[in-house]
Every structure is written in C-alpha cells, then in structure tokens.
$ cat run20.txt   # compact mmCIF, N, CA and C atoms
# COMPACT_ATOMS: atom_id res chain seq x y z
N GLN A 1434 -38.98 264.42 6.05
CA GLN A 1434 -38.80 264.21 4.63
C GLN A 1434 -37.56 263.38 4.38
N VAL A 1435 -37.65 262.52 3.40
CA VAL A 1435 -36.53 261.66 3.02
C VAL A 1435 -36.24 261.87 1.54
N GLN A 1436 -34.99 262.09 1.24
CA GLN A 1436 -34.58 262.17 -0.17
C GLN A 1436 -33.89 260.87 -0.56
N LEU A 1437 -34.22 260.40 -1.74
CA LEU A 1437 -33.63 259.18 -2.28
C LEU A 1437 -32.91 259.51 -3.59
N VAL A 1438 -31.69 259.01 -3.71
CA VAL A 1438 -30.91 259.29 -4.92
C VAL A 1438 -30.42 257.97 -5.51
N GLU A 1439 -30.86 257.67 -6.72
CA GLU A 1439 -30.43 256.45 -7.39
C GLU A 1439 -29.18 256.70 -8.23
N SER A 1440 -28.43 255.64 -8.45
CA SER A 1440 -27.29 255.67 -9.36
C SER A 1440 -27.04 254.26 -9.88
N GLY A 1441 -26.21 254.16 -10.91
CA GLY A 1441 -25.83 252.86 -11.42
C GLY A 1441 -26.53 252.44 -12.70
N GLY A 1442 -27.41 253.26 -13.20
CA GLY A 1442 -28.06 252.92 -14.46
C GLY A 1442 -27.09 253.03 -15.63
N GLY A 1443 -27.53 252.57 -16.79
CA GLY A 1443 -26.69 252.64 -17.97
C GLY A 1443 -27.21 251.76 -19.09
N SER A 1444 -26.37 251.56 -20.08
CA SER A 1444 -26.72 250.74 -21.24
C SER A 1444 -25.85 249.50 -21.27
N VAL A 1445 -26.49 248.35 -21.47
CA VAL A 1445 -25.77 247.08 -21.53
C VAL A 1445 -26.34 246.22 -22.65
N GLN A 1446 -25.58 245.21 -23.03
CA GLN A 1446 -26.07 244.22 -23.97
C GLN A 1446 -26.90 243.18 -23.21
N ALA A 1447 -27.82 242.56 -23.92
CA ALA A 1447 -28.60 241.48 -23.32
C ALA A 1447 -27.67 240.44 -22.73
N GLY A 1448 -28.03 239.96 -21.54
CA GLY A 1448 -27.20 239.01 -20.84
C GLY A 1448 -26.24 239.66 -19.85
N GLY A 1449 -26.10 240.96 -19.93
CA GLY A 1449 -25.21 241.68 -19.03
C GLY A 1449 -25.82 241.94 -17.67
N SER A 1450 -25.06 242.66 -16.85
CA SER A 1450 -25.47 242.95 -15.48
C SER A 1450 -25.29 244.42 -15.14
N LEU A 1451 -26.11 244.90 -14.23
CA LEU A 1451 -25.99 246.23 -13.66
C LEU A 1451 -26.38 246.15 -12.19
N ARG A 1452 -25.82 247.05 -11.40
CA ARG A 1452 -26.26 247.17 -10.01
C ARG A 1452 -26.69 248.60 -9.75
N LEU A 1453 -27.95 248.76 -9.37
CA LEU A 1453 -28.48 250.05 -9.01
C LEU A 1453 -28.30 250.27 -7.51
N SER A 1454 -28.01 251.51 -7.15
CA SER A 1454 -27.90 251.89 -5.75
C SER A 1454 -28.86 253.03 -5.46
N CYS A 1455 -29.35 253.07 -4.24
CA CYS A 1455 -30.26 254.13 -3.82
C CYS A 1455 -29.87 254.54 -2.41
N VAL A 1456 -29.40 255.77 -2.27
CA VAL A 1456 -28.99 256.28 -0.98
C VAL A 1456 -30.09 257.16 -0.40
N ALA A 1457 -30.45 256.88 0.86
CA ALA A 1457 -31.48 257.66 1.55
C ALA A 1457 -30.84 258.70 2.46
N SER A 1458 -31.44 259.90 2.50
CA SER A 1458 -30.92 260.96 3.36
C SER A 1458 -31.16 260.64 4.83
N ALA A 1459 -32.15 259.83 5.09
CA ALA A 1459 -32.46 259.37 6.44
C ALA A 1459 -33.18 258.04 6.31
N TRP A 1460 -33.12 257.26 7.38
CA TRP A 1460 -33.75 255.94 7.30
C TRP A 1460 -34.36 255.61 8.66
N PRO A 1461 -35.50 256.25 8.97
CA PRO A 1461 -36.15 255.98 10.26
C PRO A 1461 -36.51 254.51 10.44
N TYR A 1462 -36.51 254.07 11.68
CA TYR A 1462 -36.80 252.67 11.95
C TYR A 1462 -38.17 252.27 11.44
N SER A 1463 -39.09 253.22 11.42
CA SER A 1463 -40.46 252.92 11.00
C SER A 1463 -40.60 252.73 9.49
N TYR A 1464 -39.53 253.03 8.76
CA TYR A 1464 -39.57 252.85 7.30
C TYR A 1464 -39.17 251.42 7.00
N ARG A 1465 -40.13 250.53 7.17
CA ARG A 1465 -39.83 249.10 7.13
C ARG A 1465 -39.83 248.51 5.73
N CYS A 1466 -40.31 249.24 4.75
CA CYS A 1466 -40.35 248.72 3.38
C CYS A 1466 -39.44 249.54 2.48
N MET A 1467 -38.70 248.83 1.65
CA MET A 1467 -37.91 249.45 0.58
C MET A 1467 -38.25 248.70 -0.70
N ALA A 1468 -38.27 249.41 -1.80
CA ALA A 1468 -38.65 248.74 -3.05
C ALA A 1468 -38.04 249.42 -4.26
N TRP A 1469 -37.98 248.66 -5.33
CA TRP A 1469 -37.63 249.17 -6.64
C TRP A 1469 -38.84 248.99 -7.55
N PHE A 1470 -39.15 250.06 -8.27
CA PHE A 1470 -40.18 250.04 -9.29
C PHE A 1470 -39.54 250.38 -10.63
N ARG A 1471 -40.24 250.11 -11.70
CA ARG A 1471 -39.76 250.53 -13.02
C ARG A 1471 -40.93 250.94 -13.89
N GLN A 1472 -40.61 251.79 -14.85
CA GLN A 1472 -41.63 252.24 -15.79
C GLN A 1472 -41.01 252.36 -17.17
N ALA A 1473 -41.53 251.57 -18.09
CA ALA A 1473 -41.10 251.62 -19.48
C ALA A 1473 -41.99 252.61 -20.23
N PRO A 1474 -41.51 253.15 -21.34
CA PRO A 1474 -42.31 254.10 -22.12
C PRO A 1474 -43.67 253.51 -22.52
N GLY A 1475 -44.72 254.24 -22.24
CA GLY A 1475 -46.05 253.80 -22.61
C GLY A 1475 -46.66 252.76 -21.70
N LYS A 1476 -45.96 252.43 -20.62
CA LYS A 1476 -46.46 251.41 -19.70
C LYS A 1476 -46.61 251.98 -18.30
N GLU A 1477 -47.41 251.29 -17.49
CA GLU A 1477 -47.60 251.71 -16.11
C GLU A 1477 -46.38 251.33 -15.27
N ARG A 1478 -46.20 252.07 -14.19
CA ARG A 1478 -45.12 251.74 -13.26
C ARG A 1478 -45.44 250.43 -12.56
N GLU A 1479 -44.46 249.54 -12.49
CA GLU A 1479 -44.67 248.26 -11.83
C GLU A 1479 -43.63 248.02 -10.75
N GLY A 1480 -44.05 247.31 -9.71
CA GLY A 1480 -43.11 246.94 -8.67
C GLY A 1480 -42.22 245.81 -9.15
N VAL A 1481 -40.93 245.95 -8.94
CA VAL A 1481 -39.97 244.95 -9.37
C VAL A 1481 -39.52 244.07 -8.21
N ALA A 1482 -39.13 244.73 -7.11
CA ALA A 1482 -38.63 243.99 -5.95
C ALA A 1482 -38.91 244.82 -4.71
N SER A 1483 -39.21 244.15 -3.62
CA SER A 1483 -39.44 244.84 -2.35
C SER A 1483 -38.80 244.06 -1.22
N SER A 1484 -38.51 244.79 -0.16
CA SER A 1484 -37.84 244.18 1.00
C SER A 1484 -38.45 244.73 2.27
N TYR A 1485 -38.70 243.85 3.23
CA TYR A 1485 -39.26 244.23 4.52
C TYR A 1485 -38.18 244.10 5.59
N THR A 1486 -38.00 245.16 6.34
CA THR A 1486 -37.13 245.16 7.51
C THR A 1486 -35.79 244.48 7.26
N GLY A 1487 -35.04 245.10 6.43
CA GLY A 1487 -33.67 244.66 6.25
C GLY A 1487 -33.52 243.33 5.56
N GLY A 1488 -34.46 242.99 4.72
CA GLY A 1488 -34.29 241.77 3.95
C GLY A 1488 -34.84 240.52 4.58
N SER A 1489 -35.54 240.65 5.72
CA SER A 1489 -36.12 239.47 6.33
C SER A 1489 -37.19 238.86 5.45
N SER A 1490 -37.74 239.67 4.56
CA SER A 1490 -38.72 239.17 3.62
C SER A 1490 -38.58 239.96 2.34
N THR A 1491 -38.45 239.27 1.23
CA THR A 1491 -38.33 239.94 -0.06
C THR A 1491 -39.37 239.38 -1.02
N HIS A 1492 -39.70 240.19 -2.02
CA HIS A 1492 -40.67 239.78 -3.03
C HIS A 1492 -40.22 240.29 -4.37
N TYR A 1493 -40.40 239.47 -5.40
CA TYR A 1493 -40.02 239.85 -6.75
C TYR A 1493 -41.18 239.60 -7.71
N VAL A 1494 -41.29 240.47 -8.68
CA VAL A 1494 -42.26 240.21 -9.75
C VAL A 1494 -41.76 239.00 -10.54
N ASP A 1495 -42.65 238.22 -11.06
CA ASP A 1495 -42.29 236.95 -11.70
C ASP A 1495 -41.25 237.12 -12.81
N SER A 1496 -41.33 238.20 -13.53
CA SER A 1496 -40.46 238.38 -14.70
C SER A 1496 -38.99 238.56 -14.33
N VAL A 1497 -38.69 238.85 -13.05
CA VAL A 1497 -37.28 239.07 -12.67
C VAL A 1497 -36.79 238.05 -11.66
N LYS A 1498 -37.64 237.14 -11.24
CA LYS A 1498 -37.24 236.14 -10.25
C LYS A 1498 -36.06 235.32 -10.78
N GLY A 1499 -35.07 235.14 -9.92
CA GLY A 1499 -33.88 234.40 -10.28
C GLY A 1499 -32.83 235.23 -10.99
N ARG A 1500 -33.18 236.46 -11.36
CA ARG A 1500 -32.22 237.32 -12.07
C ARG A 1500 -31.88 238.58 -11.26
N PHE A 1501 -32.85 239.11 -10.52
CA PHE A 1501 -32.65 240.34 -9.76
C PHE A 1501 -32.60 240.01 -8.27
N THR A 1502 -31.80 240.80 -7.53
CA THR A 1502 -31.71 240.64 -6.08
C THR A 1502 -31.73 242.01 -5.41
N ILE A 1503 -32.63 242.18 -4.45
CA ILE A 1503 -32.68 243.41 -3.66
C ILE A 1503 -31.95 243.16 -2.35
N SER A 1504 -31.15 244.14 -1.95
CA SER A 1504 -30.43 244.04 -0.69
C SER A 1504 -30.24 245.43 -0.12
N GLN A 1505 -29.80 245.52 1.12
CA GLN A 1505 -29.60 246.84 1.70
C GLN A 1505 -28.48 246.82 2.71
N ASP A 1506 -27.87 247.97 2.87
CA ASP A 1506 -26.81 248.19 3.85
C ASP A 1506 -27.31 249.31 4.76
N ASN A 1507 -27.78 248.95 5.94
CA ASN A 1507 -28.38 249.94 6.82
C ASN A 1507 -27.38 250.99 7.26
N ALA A 1508 -26.13 250.58 7.48
CA ALA A 1508 -25.12 251.54 7.92
C ALA A 1508 -24.89 252.63 6.88
N LYS A 1509 -25.05 252.28 5.62
CA LYS A 1509 -24.86 253.24 4.52
C LYS A 1509 -26.18 253.83 4.06
N ARG A 1510 -27.28 253.42 4.68
CA ARG A 1510 -28.62 253.88 4.27
C ARG A 1510 -28.82 253.69 2.77
N THR A 1511 -28.41 252.54 2.30
CA THR A 1511 -28.42 252.27 0.87
C THR A 1511 -29.13 250.96 0.57
N VAL A 1512 -29.96 250.98 -0.47
CA VAL A 1512 -30.59 249.77 -0.97
C VAL A 1512 -30.08 249.54 -2.39
N TYR A 1513 -29.87 248.28 -2.72
CA TYR A 1513 -29.30 247.90 -4.01
C TYR A 1513 -30.28 247.04 -4.80
N LEU A 1514 -30.11 247.06 -6.10
CA LEU A 1514 -30.81 246.12 -6.97
C LEU A 1514 -29.78 245.55 -7.92
N GLN A 1515 -29.37 244.32 -7.68
CA GLN A 1515 -28.44 243.63 -8.56
C GLN A 1515 -29.26 242.98 -9.68
N MET A 1516 -28.93 243.33 -10.91
CA MET A 1516 -29.69 242.84 -12.06
C MET A 1516 -28.75 242.04 -12.95
N ASN A 1517 -29.01 240.76 -13.07
CA ASN A 1517 -28.21 239.86 -13.91
C ASN A 1517 -29.05 239.34 -15.07
N SER A 1518 -28.37 238.80 -16.07
CA SER A 1518 -29.05 238.22 -17.24
C SER A 1518 -30.11 239.17 -17.79
N LEU A 1519 -29.72 240.41 -17.97
CA LEU A 1519 -30.67 241.43 -18.40
C LEU A 1519 -31.22 241.13 -19.79
N LYS A 1520 -32.47 241.50 -19.98
CA LYS A 1520 -33.17 241.30 -21.24
C LYS A 1520 -33.64 242.65 -21.77
N PRO A 1521 -33.87 242.74 -23.07
CA PRO A 1521 -34.36 244.02 -23.63
C PRO A 1521 -35.64 244.50 -22.95
N GLU A 1522 -36.49 243.58 -22.53
CA GLU A 1522 -37.73 243.98 -21.87
C GLU A 1522 -37.52 244.54 -20.47
N ASP A 1523 -36.29 244.51 -19.97
CA ASP A 1523 -35.98 245.15 -18.69
C ASP A 1523 -35.70 246.64 -18.87
N THR A 1524 -35.64 247.10 -20.10
CA THR A 1524 -35.40 248.51 -20.37
C THR A 1524 -36.49 249.37 -19.77
N ALA A 1525 -36.11 250.32 -18.91
CA ALA A 1525 -37.08 251.16 -18.22
C ALA A 1525 -36.35 252.17 -17.35
N MET A 1526 -37.12 253.10 -16.81
CA MET A 1526 -36.62 253.96 -15.74
C MET A 1526 -36.90 253.24 -14.43
N TYR A 1527 -35.88 253.12 -13.61
CA TYR A 1527 -36.00 252.41 -12.34
C TYR A 1527 -36.01 253.40 -11.19
N TYR A 1528 -36.96 253.23 -10.26
CA TYR A 1528 -37.12 254.11 -9.12
C TYR A 1528 -37.04 253.33 -7.81
N CYS A 1529 -36.34 253.89 -6.84
CA CYS A 1529 -36.42 253.31 -5.51
C CYS A 1529 -37.46 254.10 -4.70
N ALA A 1530 -38.00 253.45 -3.70
CA ALA A 1530 -39.05 254.08 -2.91
C ALA A 1530 -39.04 253.55 -1.49
N THR A 1531 -39.52 254.38 -0.57
CA THR A 1531 -39.67 253.96 0.82
C THR A 1531 -40.75 254.80 1.48
N GLY A 1532 -41.07 254.47 2.70
CA GLY A 1532 -42.08 255.22 3.44
C GLY A 1532 -42.36 254.52 4.76
N ARG A 1533 -43.15 255.18 5.60
CA ARG A 1533 -43.49 254.61 6.90
C ARG A 1533 -44.43 253.43 6.69
N ALA A 1534 -44.10 252.33 7.31
CA ALA A 1534 -44.92 251.12 7.19
C ALA A 1534 -45.09 250.47 8.55
N SER A 1535 -46.22 249.87 8.76
CA SER A 1535 -46.51 249.23 10.04
C SER A 1535 -45.80 247.89 10.15
N VAL A 1536 -45.72 247.38 11.35
CA VAL A 1536 -45.15 246.05 11.56
C VAL A 1536 -45.98 245.03 10.80
N GLY A 1537 -45.31 244.19 10.05
CA GLY A 1537 -46.01 243.18 9.27
C GLY A 1537 -46.61 243.69 7.98
N ALA A 1538 -46.22 244.90 7.57
CA ALA A 1538 -46.79 245.49 6.36
C ALA A 1538 -46.51 244.63 5.13
N ASP A 1539 -47.41 244.71 4.18
CA ASP A 1539 -47.22 244.08 2.88
C ASP A 1539 -46.44 245.04 2.01
N CYS A 1540 -45.15 244.77 1.84
CA CYS A 1540 -44.29 245.71 1.13
C CYS A 1540 -44.51 245.69 -0.38
N THR A 1541 -45.41 244.85 -0.86
CA THR A 1541 -45.75 244.91 -2.28
C THR A 1541 -46.82 245.97 -2.54
N SER A 1542 -47.40 246.51 -1.47
CA SER A 1542 -48.45 247.51 -1.64
C SER A 1542 -47.86 248.90 -1.82
N ARG A 1543 -48.27 249.56 -2.87
CA ARG A 1543 -47.74 250.89 -3.17
C ARG A 1543 -48.12 251.92 -2.10
N SER A 1544 -49.10 251.61 -1.29
CA SER A 1544 -49.53 252.54 -0.25
C SER A 1544 -48.45 252.77 0.80
N ASN A 1545 -47.45 251.88 0.84
CA ASN A 1545 -46.36 252.03 1.81
C ASN A 1545 -45.26 252.98 1.34
N TYR A 1546 -45.39 253.52 0.15
CA TYR A 1546 -44.28 254.27 -0.45
C TYR A 1546 -44.66 255.73 -0.68
N ALA A 1547 -44.18 256.59 0.21
CA ALA A 1547 -44.46 258.02 0.10
C ALA A 1547 -43.30 258.79 -0.51
N TYR A 1548 -42.11 258.19 -0.50
CA TYR A 1548 -40.92 258.89 -0.98
C TYR A 1548 -40.30 258.11 -2.13
N TRP A 1549 -39.95 258.86 -3.18
CA TRP A 1549 -39.44 258.26 -4.41
C TRP A 1549 -38.18 258.98 -4.86
N GLY A 1550 -37.28 258.24 -5.48
CA GLY A 1550 -36.11 258.84 -6.08
C GLY A 1550 -36.45 259.42 -7.44
N GLN A 1551 -35.45 260.00 -8.08
CA GLN A 1551 -35.66 260.66 -9.37
C GLN A 1551 -35.57 259.69 -10.54
N GLY A 1552 -35.08 258.50 -10.28
CA GLY A 1552 -35.03 257.47 -11.30
C GLY A 1552 -33.64 257.28 -11.91
N ALA A 1553 -33.39 256.07 -12.36
CA ALA A 1553 -32.15 255.72 -13.05
C ALA A 1553 -32.52 254.95 -14.31
N GLN A 1554 -32.02 255.39 -15.45
CA GLN A 1554 -32.38 254.77 -16.72
C GLN A 1554 -31.55 253.52 -16.97
N VAL A 1555 -32.23 252.45 -17.34
CA VAL A 1555 -31.58 251.20 -17.73
C VAL A 1555 -32.01 250.87 -19.14
N ALA A 1556 -31.04 250.66 -20.02
CA ALA A 1556 -31.32 250.31 -21.41
C ALA A 1556 -30.57 249.03 -21.76
N VAL A 1557 -31.31 248.05 -22.24
CA VAL A 1557 -30.72 246.75 -22.58
C VAL A 1557 -30.89 246.52 -24.07
N ALA A 1558 -29.77 246.39 -24.77
CA ALA A 1558 -29.80 246.19 -26.21
C ALA A 1558 -29.78 244.70 -26.55
N SER A 1559 -30.50 244.35 -27.60
CA SER A 1559 -30.55 242.94 -28.00
C SER A 1559 -29.37 242.56 -28.87
$ encode --input "run20.txt" --output "structure tokens"
Amino acid sequence: QVQLVESGGGSVQAGGSLRLSCVASAWPYSYRCMAWFRQAPGKEREGVASSYTGGSSTHYVDSVKGRFTISQDNAKRTVYLQMNSLKPEDTAMYYCATGRASVGADCTSRSNYAYWGQGAQVAVAS
C-alpha cells in the first residue's frame, strides 16, 4: 500500500502561481507513472499532467500546456506540479496518483493509477 499526501493548494488571483507537492510513503521501482488529476464541481475528474519514469516522458492536457510543469524528486519520494499563469477555470480539487505500471506504459491511462491522495484545493479568482 502507498499513501499519497498533497500540499500547496490555496487561493490566488488570476495570473498567479502555485506549486503542489505530493509525498509518497513508498515509491517502488515498478510504479513508473505519476500523475496529477483535477475535478471541478459538477465536472468529471480529468488528467492534467503525467510523468513516466522520472520525467523521461511527460504529457499535459491541452488546457495547461505551457503553464503547468510536472516534476519529481525521487530521493524525497515527491512529485510536484508547478502551476503558472493560473486562470479561474483551473479552480478544482487536485489529486496526485500512482500505481504499478509496466515498462512502456501509457501514463495517460487511468488504469495505471491505483493509489490516490486526498486532494488539494486550488481556487483562482478573476
């Protein structure tokens, strides 16, 4: 079992920045995918950013490309989501996730994510 704990959420004005952190209780080598998802009120959870094997491959949803960056520090068992130029439509609960994934896995697939954090609220005011 892996526990994930997010932090760094908060309220900002449009155009501002936040950095979310997610600390894992363990990080087995086989957990090759890490990702951030978000869910706004009344909307489905969507994948925001994903990373394969320490950042060798990353993917972003179109709406955050050029503004958000996913990164990780393996020594600290921590994955980050740097969010710049925030917009009101970025307001949501943000979740980090991980799970066992095969070599060459498609980290955009939700099937790779068995473990989820409790979420961090991000609110962007216009």
$ residues_near_point --input "run20.txt" --point "(-35.0, 249.2, -19.0)" --cutoff "5 Å" --atoms "all atoms listed in the file" --output "list in words"
Asp1523, Thr1524, Ala1525, Met1526, Val1555 and Ala1556 of chain A
$ closest_residue --input "run20.txt" --among "A:Ser1450, A:Gly1443, A:Ser1496, A:Arg1471" --to "Tyr1527 of chain A" --atoms "only N, CA and C atoms"
A:Arg1471
$ residues_near_point --input "run20.txt" --point "(-38.8, 239.9, -6.2)" --cutoff "7 Å" --atoms "all atoms listed in the file" --output "JSON, numbers by chain"
{"A": [1481, 1482, 1483, 1491, 1492, 1493, 1494, 1495, 1497, 1498, 1501, 1503]}
$ closest_residue --input "run20.txt" --among "A:Arg1533, A:Arg1510, A:Asn1545, A:Cys1540" --to "Trp1460 of chain A" --atoms "all atoms listed in the file"
A:Arg1510
$ select_by_dssp --input "run20.txt" --residues "chain A" --states "helix (DSSP H, G or I)" --output "short mmCIF file (atom, residue, chain, number, x, y, z; two decimals) with N, CA and C atoms, in the coordinates of the input"
data_model
loop_
_atom_site.label_atom_id
_atom_site.label_comp_id
_atom_site.auth_asym_id
_atom_site.auth_seq_id
_atom_site.Cartn_x
_atom_site.Cartn_y
_atom_site.Cartn_z
N ASP A 1495 -42.65 238.22 -11.06
CA ASP A 1495 -42.29 236.95 -11.70
C ASP A 1495 -41.25 237.12 -12.81
N SER A 1496 -41.33 238.20 -13.53
CA SER A 1496 -40.46 238.38 -14.70
C SER A 1496 -38.99 238.56 -14.33
N VAL A 1497 -38.69 238.85 -13.05
CA VAL A 1497 -37.28 239.07 -12.67
C VAL A 1497 -36.79 238.05 -11.66
N ASN A 1507 -27.78 248.95 5.94
CA ASN A 1507 -28.38 249.94 6.82
C ASN A 1507 -27.38 250.99 7.26
N ALA A 1508 -26.13 250.58 7.48
CA ALA A 1508 -25.12 251.54 7.92
C ALA A 1508 -24.89 252.63 6.88
N LYS A 1509 -25.05 252.28 5.62
CA LYS A 1509 -24.86 253.24 4.52
C LYS A 1509 -26.18 253.83 4.06
N PRO A 1521 -33.87 242.74 -23.07
CA PRO A 1521 -34.36 244.02 -23.63
C PRO A 1521 -35.64 244.50 -22.95
N GLU A 1522 -36.49 243.58 -22.53
CA GLU A 1522 -37.73 243.98 -21.87
C GLU A 1522 -37.52 244.54 -20.47
N ASP A 1523 -36.29 244.51 -19.97
CA ASP A 1523 -35.98 245.15 -18.69
C ASP A 1523 -35.70 246.64 -18.87
N ARG A 1543 -48.27 249.56 -2.87
CA ARG A 1543 -47.74 250.89 -3.17
C ARG A 1543 -48.12 251.92 -2.10
N SER A 1544 -49.10 251.61 -1.29
CA SER A 1544 -49.53 252.54 -0.25
C SER A 1544 -48.45 252.77 0.80
N ASN A 1545 -47.45 251.88 0.84
CA ASN A 1545 -46.36 252.03 1.81
C ASN A 1545 -45.26 252.98 1.34
#
$ closest_residue --input "run20.txt" --among "A:Met1467, A:Gly1537, A:Gln1434, A:Leu1453" --to "Met1516 of chain A" --atoms "all atoms listed in the file"
A:Leu1453
$ closest_residue --input "run20.txt" --among "A:Ser1504, A:Ser1559, A:Gln1551, A:Ser1535" --to "Glu1522 of chain A" --atoms "all atoms listed in the file"
A:Ser1559
$ closest_residue --input "run20.txt" --among "A:Leu1519, A:Val1445, A:Ala1538, A:Ala1508" --to "Ala1558 of chain A" --atoms "all atoms listed in the file"
A:Val1445
$ atom_distance --input "run20.txt" --atom1 "atom C of Gly1448 of chain A" --atom2 "atom CA of Gln1515 of chain A"
12.2 Å
$ atom_distance --input "run20.txt" --atom1 "atom CA of Lys1509 of chain A" --atom2 "atom C of Val1435 of chain A"
14.6 Å
$ residues_around --input "run20.txt" --residues "segment 1440-1442 of chain A" --least-positions-apart "2" --cutoff "8 Å" --atoms "only C-alpha atoms" --output "count of residues only"
10
$ atom_distance --input "run20.txt" --atom1 "atom CA of Pro1461 of chain A" --atom2 "atom CA of Gly1480 of chain A"
22.1 Å
$ closest_residue --input "run20.txt" --among "A:Trp1469, A:Thr1502, A:Ser1484, A:Ser1542" --to "Glu1439 of chain A" --atoms "only C-alpha atoms"
A:Trp1469
$ select_by_dssp --input "run20.txt" --residues "segment 1465-1532 of chain A" --states "strand (DSSP E)" --output "VMD selection string"
chain A and resid 1466 to 1472 1479 to 1485 1490 to 1493 1501 to 1506 1511 to 1516 1525 to 1532
$ write_last_selection --input "run20.txt" --atoms "N, CA and C atoms" --output "compact mmCIF listing (two decimals), in the coordinates of the input"
# COMPACT_ATOMS: atom_id res chain seq x y z
N CYS A 1466 -40.31 249.24 4.75
CA CYS A 1466 -40.35 248.72 3.38
C CYS A 1466 -39.44 249.54 2.48
N MET A 1467 -38.70 248.83 1.65
CA MET A 1467 -37.91 249.45 0.58
C MET A 1467 -38.25 248.70 -0.70
N ALA A 1468 -38.27 249.41 -1.80
CA ALA A 1468 -38.65 248.74 -3.05
C ALA A 1468 -38.04 249.42 -4.26
N TRP A 1469 -37.98 248.66 -5.33
CA TRP A 1469 -37.63 249.17 -6.64
C TRP A 1469 -38.84 248.99 -7.55
N PHE A 1470 -39.15 250.06 -8.27
CA PHE A 1470 -40.18 250.04 -9.29
C PHE A 1470 -39.54 250.38 -10.63
N ARG A 1471 -40.24 250.11 -11.70
CA ARG A 1471 -39.76 250.53 -13.02
C ARG A 1471 -40.93 250.94 -13.89
N GLN A 1472 -40.61 251.79 -14.85
CA GLN A 1472 -41.63 252.24 -15.79
C GLN A 1472 -41.01 252.36 -17.17
N GLU A 1479 -44.46 249.54 -12.49
CA GLU A 1479 -44.67 248.26 -11.83
C GLU A 1479 -43.63 248.02 -10.75
N GLY A 1480 -44.05 247.31 -9.71
CA GLY A 1480 -43.11 246.94 -8.67
C GLY A 1480 -42.22 245.81 -9.15
N VAL A 1481 -40.93 245.95 -8.94
CA VAL A 1481 -39.97 244.95 -9.37
C VAL A 1481 -39.52 244.07 -8.21
N ALA A 1482 -39.13 244.73 -7.11
CA ALA A 1482 -38.63 243.99 -5.95
C ALA A 1482 -38.91 244.82 -4.71
N SER A 1483 -39.21 244.15 -3.62
CA SER A 1483 -39.44 244.84 -2.35
C SER A 1483 -38.80 244.06 -1.22
N SER A 1484 -38.51 244.79 -0.16
CA SER A 1484 -37.84 244.18 1.00
C SER A 1484 -38.45 244.73 2.27
N TYR A 1485 -38.70 243.85 3.23
CA TYR A 1485 -39.26 244.23 4.52
C TYR A 1485 -38.18 244.10 5.59
N SER A 1490 -37.74 239.67 4.56
CA SER A 1490 -38.72 239.17 3.62
C SER A 1490 -38.58 239.96 2.34
N THR A 1491 -38.45 239.27 1.23
CA THR A 1491 -38.33 239.94 -0.06
C THR A 1491 -39.37 239.38 -1.02
N HIS A 1492 -39.70 240.19 -2.02
CA HIS A 1492 -40.67 239.78 -3.03
C HIS A 1492 -40.22 240.29 -4.37
N TYR A 1493 -40.40 239.47 -5.40
CA TYR A 1493 -40.02 239.85 -6.75
C TYR A 1493 -41.18 239.60 -7.71
N PHE A 1501 -32.85 239.11 -10.52
CA PHE A 1501 -32.65 240.34 -9.76
C PHE A 1501 -32.60 240.01 -8.27
N THR A 1502 -31.80 240.80 -7.53
CA THR A 1502 -31.71 240.64 -6.08
C THR A 1502 -31.73 242.01 -5.41
N ILE A 1503 -32.63 242.18 -4.45
CA ILE A 1503 -32.68 243.41 -3.66
C ILE A 1503 -31.95 243.16 -2.35
N SER A 1504 -31.15 244.14 -1.95
CA SER A 1504 -30.43 244.04 -0.69
C SER A 1504 -30.24 245.43 -0.12
N GLN A 1505 -29.80 245.52 1.12
CA GLN A 1505 -29.60 246.84 1.70
C GLN A 1505 -28.48 246.82 2.71
N ASP A 1506 -27.87 247.97 2.87
CA ASP A 1506 -26.81 248.19 3.85
C ASP A 1506 -27.31 249.31 4.76
N THR A 1511 -28.41 252.54 2.30
CA THR A 1511 -28.42 252.27 0.87
C THR A 1511 -29.13 250.96 0.57
N VAL A 1512 -29.96 250.98 -0.47
CA VAL A 1512 -30.59 249.77 -0.97
C VAL A 1512 -30.08 249.54 -2.39
N TYR A 1513 -29.87 248.28 -2.72
CA TYR A 1513 -29.30 247.90 -4.01
C TYR A 1513 -30.28 247.04 -4.80
N LEU A 1514 -30.11 247.06 -6.10
CA LEU A 1514 -30.81 246.12 -6.97
C LEU A 1514 -29.78 245.55 -7.92
N GLN A 1515 -29.37 244.32 -7.68
CA GLN A 1515 -28.44 243.63 -8.56
C GLN A 1515 -29.26 242.98 -9.68
N MET A 1516 -28.93 243.33 -10.91
CA MET A 1516 -29.69 242.84 -12.06
C MET A 1516 -28.75 242.04 -12.95
N ALA A 1525 -36.11 250.32 -18.91
CA ALA A 1525 -37.08 251.16 -18.22
C ALA A 1525 -36.35 252.17 -17.35
N MET A 1526 -37.12 253.10 -16.81
CA MET A 1526 -36.62 253.96 -15.74
C MET A 1526 -36.90 253.24 -14.43
N TYR A 1527 -35.88 253.12 -13.61
CA TYR A 1527 -36.00 252.41 -12.34
C TYR A 1527 -36.01 253.40 -11.19
N TYR A 1528 -36.96 253.23 -10.26
CA TYR A 1528 -37.12 254.11 -9.12
C TYR A 1528 -37.04 253.33 -7.81
N CYS A 1529 -36.34 253.89 -6.84
CA CYS A 1529 -36.42 253.31 -5.51
C CYS A 1529 -37.46 254.10 -4.70
N ALA A 1530 -38.00 253.45 -3.70
CA ALA A 1530 -39.05 254.08 -2.91
C ALA A 1530 -39.04 253.55 -1.49
N THR A 1531 -39.52 254.38 -0.57
CA THR A 1531 -39.67 253.96 0.82
C THR A 1531 -40.75 254.80 1.48
N GLY A 1532 -41.07 254.47 2.70
CA GLY A 1532 -42.08 255.22 3.44
C GLY A 1532 -42.36 254.52 4.76
